[in-house]
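Read the structure below first, then the notes.
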Amino acid sequence: MSIPLQLLPSADHARGKRSPVTCRLKCGDACLGPECNQSANPTFRSIADAVLSRRSALGLGVAGAVAIAVAPALGGGRATAAAAATSSTMPFTPIAPVPASVDALTVPAGFRWVPVIRWGDPVLPGAPVFDAEAQTPEAQAAQFGYNNDYLAVIPDASGLTGVLVANHEYSNEQIMFPPTTDPAQLAVQSRILKMAQGMSVVEVARDSVRDPWRAVAGARNRRVTVETEHELTGPAAGSPLLQTATDASGRVVLGTLGNCAGGTTPWGTVLSGEENFNSYFRTPVADRATSRYGLADRATATRWELEDPRFGGTEGFEQEPNRFGYIVEIDPQDPTSTPVKHTALGRFKHEGANVRIGEDRRVVAYMGDDERGDYLYKFVSKHRFNDGTGPGARKQNKKLLTEGDLFVARFTGDSPVAEIDGTGTLPADGAFDGIGQWVPLTLGGRSMVPGMTIDQVLVHTRLAADLVNPTKMDRPEDVEPHPITGRVYVALTNNSNRGTRHALDEANPRSSNRDGHVIELTETQGASGTAFGWSILLLCGDPSSPATYFAGYPKELVSPISCPDNVAFDSEGNLWISTDGQPGTLGLDDGLFKVSLEGETRGRVEQFLAVPTDAETCGPVIHDQEQTVFVAVQHPGEDGVWGAQRSMFPDYGATGPGTFAGPRPSVVQVLPA
């Protein structure tokens with residue numbers, strides 16, 4: 001069924017997102033400010049023209065110029081199509097699209113959903129039962145935080161116990177607290193917001209593999225907040241760029257901010273991306289570095305700068321913002337361990353990081369910088385993965401992200417520039433595809449950017465990348481390698497400025513790209529190499545639009561999908577995509593979608609669930625062999641206020657201790673009914 005586009009009142013404010021509330025709280029109104037990336041990189045058109053001219057002079061076609069590993073052929077599946085998923089592990093009938101006004105978590109027939117843990121549920125010993133009318137900073141510091149985003153569910157060997165790790169990206173006081181103008185109470189609320197962010201580690205248990213998981217009190221339970229000590233690692237640790245009045249060493253940071261997506265490593269730790277950290281700081285000094293990261297001299301939504309000089313940018317804390325914007329690594333098995341921030345992976349608005357072990361046993365991490373016109377990155381470790389099973393091997397592997405080489409991606413298409421016209425029409429060769437290069441920013445512990453030291457490169461990574469001419473992308477968010485094929489999938493959420501402020505190119509081929517797209521990338525020299533091939537798997541949107549593309553699969557047989565955000569894989573190799581922004585583009589609740597990658601069904605998109613009104617779908621975790629899916633439901637009812645809540649998820653009118661007549665960001669499990 002085709003759903004007509006419904007422009008929300010905030011469409012001009014945040015095209016492709018959801019509301020002014022989300023933009024203000026989540027990313028500090030980045031849409032309304034000047035473009036962070038003002039660099040004059042050579043456009044894709046000039047690069048492509050030069051490449052094609054050189055090939056023409058040599059008498060070579062694209063295939064003759066560069067030999068690359070070819071991804072599976074596009075265009076299969078036109079002859080046959082199934083109405084329902086044919087997975088042998090978790091069959092389901094796709095749900096119909098759900099209008100954005102519906103405040104329900106919708107799952108397929110034959111499935112049910114249960115909350116695993118909700119905002120305010122106890123995590124640490126002594127935590128009180130949640131009471132929205134009597135919140136305190138001390139209580140929140142011991143309870144599950146707000147706006148859960150990245151999610152990891154790591155079972156123990158028994159399969160009946162395990163640990164859940166969740167990020168808490170930001171908070172929304174207008175639906176968390178009763179309204180007040182009392183300065184003392186506002187100060188208390190501000191401190192609660194500090195405790196509501198960061199991360200939660202929670203033990204989980206179940207009675208059998210057929211039963212749902214539940215949060216339990218356990219020795220591994222832990223809260224990480226804006227006041228938790230973190231260690232800086234890597235070449236920039238100790239740099240004057242990271243020193244402050246209370247940390248002359250430049251190696252110890254209090255807190256983590258804007259924790260968005262992440263990744264789970266082969267050695268069992270969890271990575272968390274610090275994304276929109278800039279909106280937490282009032283920054284009086286304006287220069288290239290501060291403007292490139294969206295830092296500004298303006299009051300913050302949290303008001304932390306009023307009582308904590310760390311967030312005010314003066315009194316010896318001018319470098320405090322430089323201590324955020326990293327990949328954080330936490331060991332969920334050891335609650336006494338100190339979380340670390342890895343400077344070797346660069347500083348930018350990290351959506352997350354996802355790790356694979358390369359053919360040479362070095363660890364490779366893929367990362368997106370989630371802002372319009374920013375870049376795709378890769379890190380390759382100096383040392384090799386130790387596949388031993390003892391504690392010594394794990395200790396060694398936990399240091400793999402402290403040293404290595406950092407690269408940024410440059411994409412080149414294989415079609416004439418005139419064929420990339422912004423409409424989404426495929427070029428004559430039948431695909432948006434080409435080759436690419438990983439351009440080094442650091443190699444062997446040295447800066448590869450002229451005029452910048454290695455600590456400058458790793459602290460001001462955006463500025464360093466600007467100087468080596470990478471490709472400006474349409475908000476690269478989650479970037480994950482396929483566990484079977486090794487191909488890498490890049491979720492590009494949207495970019496309404498494509499075709500105007502950002503020139504069209506074959507890797508970002510649609511003007512005003514409100515619906516986003518997904519790129520499939522193939523490393524052609526191994527995971528540690530510097531060359532890749534790529535093709536666009538999906539141009540998202542309403543399938544009735546001629547500007548959409550689903551890997552050649554018949555459009556009338558796919559679910560509408562817009563604004564891809566996080567990706568995951570099941571045991572059969574299917575791609576799963578969660579979305580963030582469909583209310584503002586399709587007029588639909590956000591959801592979770594399964595995408596076939598192989599054979600005749602390649603490109604088939606099937607909607608598995610939809611989240612409640614105003615919410616985005618985060619996580620996800622796919623345990624298809626147990627017919628189970630986990631998602632983090634973030635910011636339900638975002639546009640409401642305390643006295644007029646727009647969502648009642650997940651309590652939906654339940655009464656009694658620990659319930660709330662309003663929205664609670666929560667982790668839910670979907671399993672057979």
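Here's how to read the names in the structure tokens: chain A, B, ... by the order shown, residue numbers from 1 in each chain, ligand numbers from 1 in the order shown.
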
What are the nearest atom pairs, with distances in Å to one decimal, for all residues of range 157-270 of chain A that come at most 12 Å from range 558-582 of chain A, using only C-alpha atoms, set out by chain and rising residue number as a tab-separated table?
```
residue	atom	partner	partner_atom	distance
A:Cys260	CA	A:Asn566	CA	10.1
A:Ala261	CA	A:Asn566	CA	7.5
A:Gly262	CA	A:Asn566	CA	9.6
A:Gly263	CA	A:Ala568	CA	10.2
A:Thr264	CA	A:Ala568	CA	11.5
```

Would you save the residues of that selection, restricted to N, CA and C atoms, as an mmCIF file, in the first residue's frame?
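What ended up in part00.cif:
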```cif
data_model
loop_
_atom_site.group_PDB
_atom_site.id
_atom_site.type_symbol
_atom_site.label_atom_id
_atom_site.label_comp_id
_atom_site.auth_asym_id
_atom_site.auth_seq_id
_atom_site.Cartn_x
_atom_site.Cartn_y
_atom_site.Cartn_z
ATOM 1 N N CYS A 260 25.334 7.319 21.208
ATOM 2 C CA CYS A 260 24.372 6.930 20.183
ATOM 3 C C CYS A 260 24.479 5.434 19.928
ATOM 4 N N ALA A 261 24.928 5.024 18.754
ATOM 5 C CA ALA A 261 25.055 3.600 18.463
ATOM 6 C C ALA A 261 26.377 3.071 19.007
ATOM 7 N N GLY A 262 26.753 1.864 18.607
ATOM 8 C CA GLY A 262 27.977 1.272 19.141
ATOM 9 C C GLY A 262 28.318 -0.002 18.424
ATOM 10 N N GLY A 263 28.857 -0.942 19.156
ATOM 11 C CA GLY A 263 29.229 -2.229 18.601
ATOM 12 C C GLY A 263 29.703 -3.144 19.716
ATOM 13 N N THR A 264 29.632 -4.428 19.465
ATOM 14 C CA THR A 264 30.135 -5.417 20.411
ATOM 15 C C THR A 264 31.343 -6.092 19.790
#
```

Given only C-alpha atoms, how would the per-residue table for range 314-364 of chain A near range 297-306 of chain A read, listing every residue at most 12 Å away with its closest atom pair and distance in Å to one decimal, sorted by chain and number, as a Markdown table?
```
| residue | atom | partner | partner_atom | distance |
| --- | --- | --- | --- | --- |
| A:Thr314 | CA | A:Glu305 | CA | 9.9 |
| A:Glu315 | CA | A:Glu305 | CA | 11.8 |
| A:Phe317 | CA | A:Glu305 | CA | 11.1 |
| A:Glu320 | CA | A:Glu305 | CA | 11.9 |
```

Please write the residues from the selection above to a file, keeping all heavy atoms, as a tab-separated table (two decimals), in the first residue's frame.
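Saved the output as selection.tsv:
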```tsv
chain	number	residue	atom	x	y	z
A	314	THR	N	35.29	28.21	30.11
A	314	THR	CA	36.20	29.20	30.68
A	314	THR	C	36.87	28.60	31.92
A	314	THR	O	36.67	27.42	32.24
A	314	THR	CB	35.45	30.49	31.07
A	314	THR	OG1	34.44	30.17	32.04
A	314	THR	CG2	34.79	31.12	29.85
A	315	GLU	N	37.67	29.40	32.61
A	315	GLU	CA	38.27	29.02	33.89
A	315	GLU	C	39.13	27.76	33.78
A	315	GLU	O	39.14	26.89	34.64
A	315	GLU	CB	37.19	28.81	34.97
A	315	GLU	CG	36.30	30.01	35.20
A	315	GLU	CD	35.20	29.70	36.21
A	315	GLU	OE1	35.47	28.97	37.18
A	315	GLU	OE2	34.08	30.19	36.03
A	317	PHE	N	38.82	25.45	31.39
A	317	PHE	CA	38.10	24.34	30.77
A	317	PHE	C	37.85	24.58	29.28
A	317	PHE	O	36.93	24.02	28.69
A	317	PHE	CB	36.77	24.10	31.49
A	317	PHE	CG	36.97	23.55	32.88
A	317	PHE	CD1	36.95	24.39	33.98
A	317	PHE	CD2	37.22	22.20	33.08
A	317	PHE	CE1	37.15	23.90	35.26
A	317	PHE	CE2	37.43	21.70	34.36
A	317	PHE	CZ	37.40	22.55	35.45
A	320	GLU	N	37.80	21.37	27.38
A	320	GLU	CA	36.90	20.28	27.81
A	320	GLU	C	36.12	19.66	26.64
A	320	GLU	O	35.98	18.43	26.58
A	320	GLU	CB	35.94	20.78	28.89
A	320	GLU	CG	35.10	19.70	29.54
A	320	GLU	CD	35.89	18.78	30.47
A	320	GLU	OE1	36.99	19.17	30.90
A	320	GLU	OE2	35.40	17.66	30.75
```

>> For Asn322 in chain A, find every residue with an atom within 8 Å (counting only C-alpha atoms), except residues of its own chain fewer than 2 positions away, and show them as a list in words.
In response: Leu241, Leu242, Gln319, Glu320, Phe324, Gly325 and Val459 of chain A

Please produce a file of those selected residues containing C-alpha atoms, as a CSV table (one decimal), in the first residue's frame.
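The result, written out as again-v2.csv:
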```csv
chain,number,residue,atom,x,y,z
A,241,LEU,CA,44.7,19.8,23.6
A,242,LEU,CA,43.1,17.5,26.2
A,319,GLN,CA,39.7,22.2,26.1
A,320,GLU,CA,36.9,20.3,27.8
A,324,PHE,CA,34.3,14.2,24.0
A,325,GLY,CA,33.5,12.8,20.6
A,459,VAL,CA,41.5,15.6,18.3
```

> Which residues come within 7 Å of Asn497 in chain A, counting only C-alpha atoms, excluding same-chain residues fewer than 4 positions away, as a PyMOL selection string?
Replying inline: chain A and resi 501-502+512

Hey, can you spit out that residue selection with C-alpha atoms as a PDB file, in the first residue's frame?
```pdb
ATOM      1  CA  ARG A 501      25.042  22.883  -0.548  1.00  0.00           C
ATOM      2  CA  HIS A 502      26.469  19.439  -1.284  1.00  0.00           C
ATOM      3  CA  SER A 512      17.095  16.695  -1.401  1.00  0.00           C
TER       4      SER A 512
END
```

> If you count only C-alpha atoms, which residues fall within 6 Å of Val621 in chain A, apart from same-chain ones fewer than 2 positions away, as a ChimeraX atom specification?
Replying inline: /A:619,629-630

Export N, CA and C atoms of the chosen residues as a compact mmCIF listing (two decimals), in the first residue's frame?
```txt
# COMPACT_ATOMS: atom_id res chain seq x y z
N GLY A 619 18.92 -0.05 18.52
CA GLY A 619 19.43 -1.41 18.64
C GLY A 619 19.89 -1.80 17.25
N VAL A 629 13.74 -10.92 18.76
CA VAL A 629 14.32 -9.64 18.35
C VAL A 629 14.24 -8.69 19.53
N PHE A 630 15.31 -7.94 19.76
CA PHE A 630 15.32 -6.89 20.77
C PHE A 630 15.44 -5.53 20.07
```
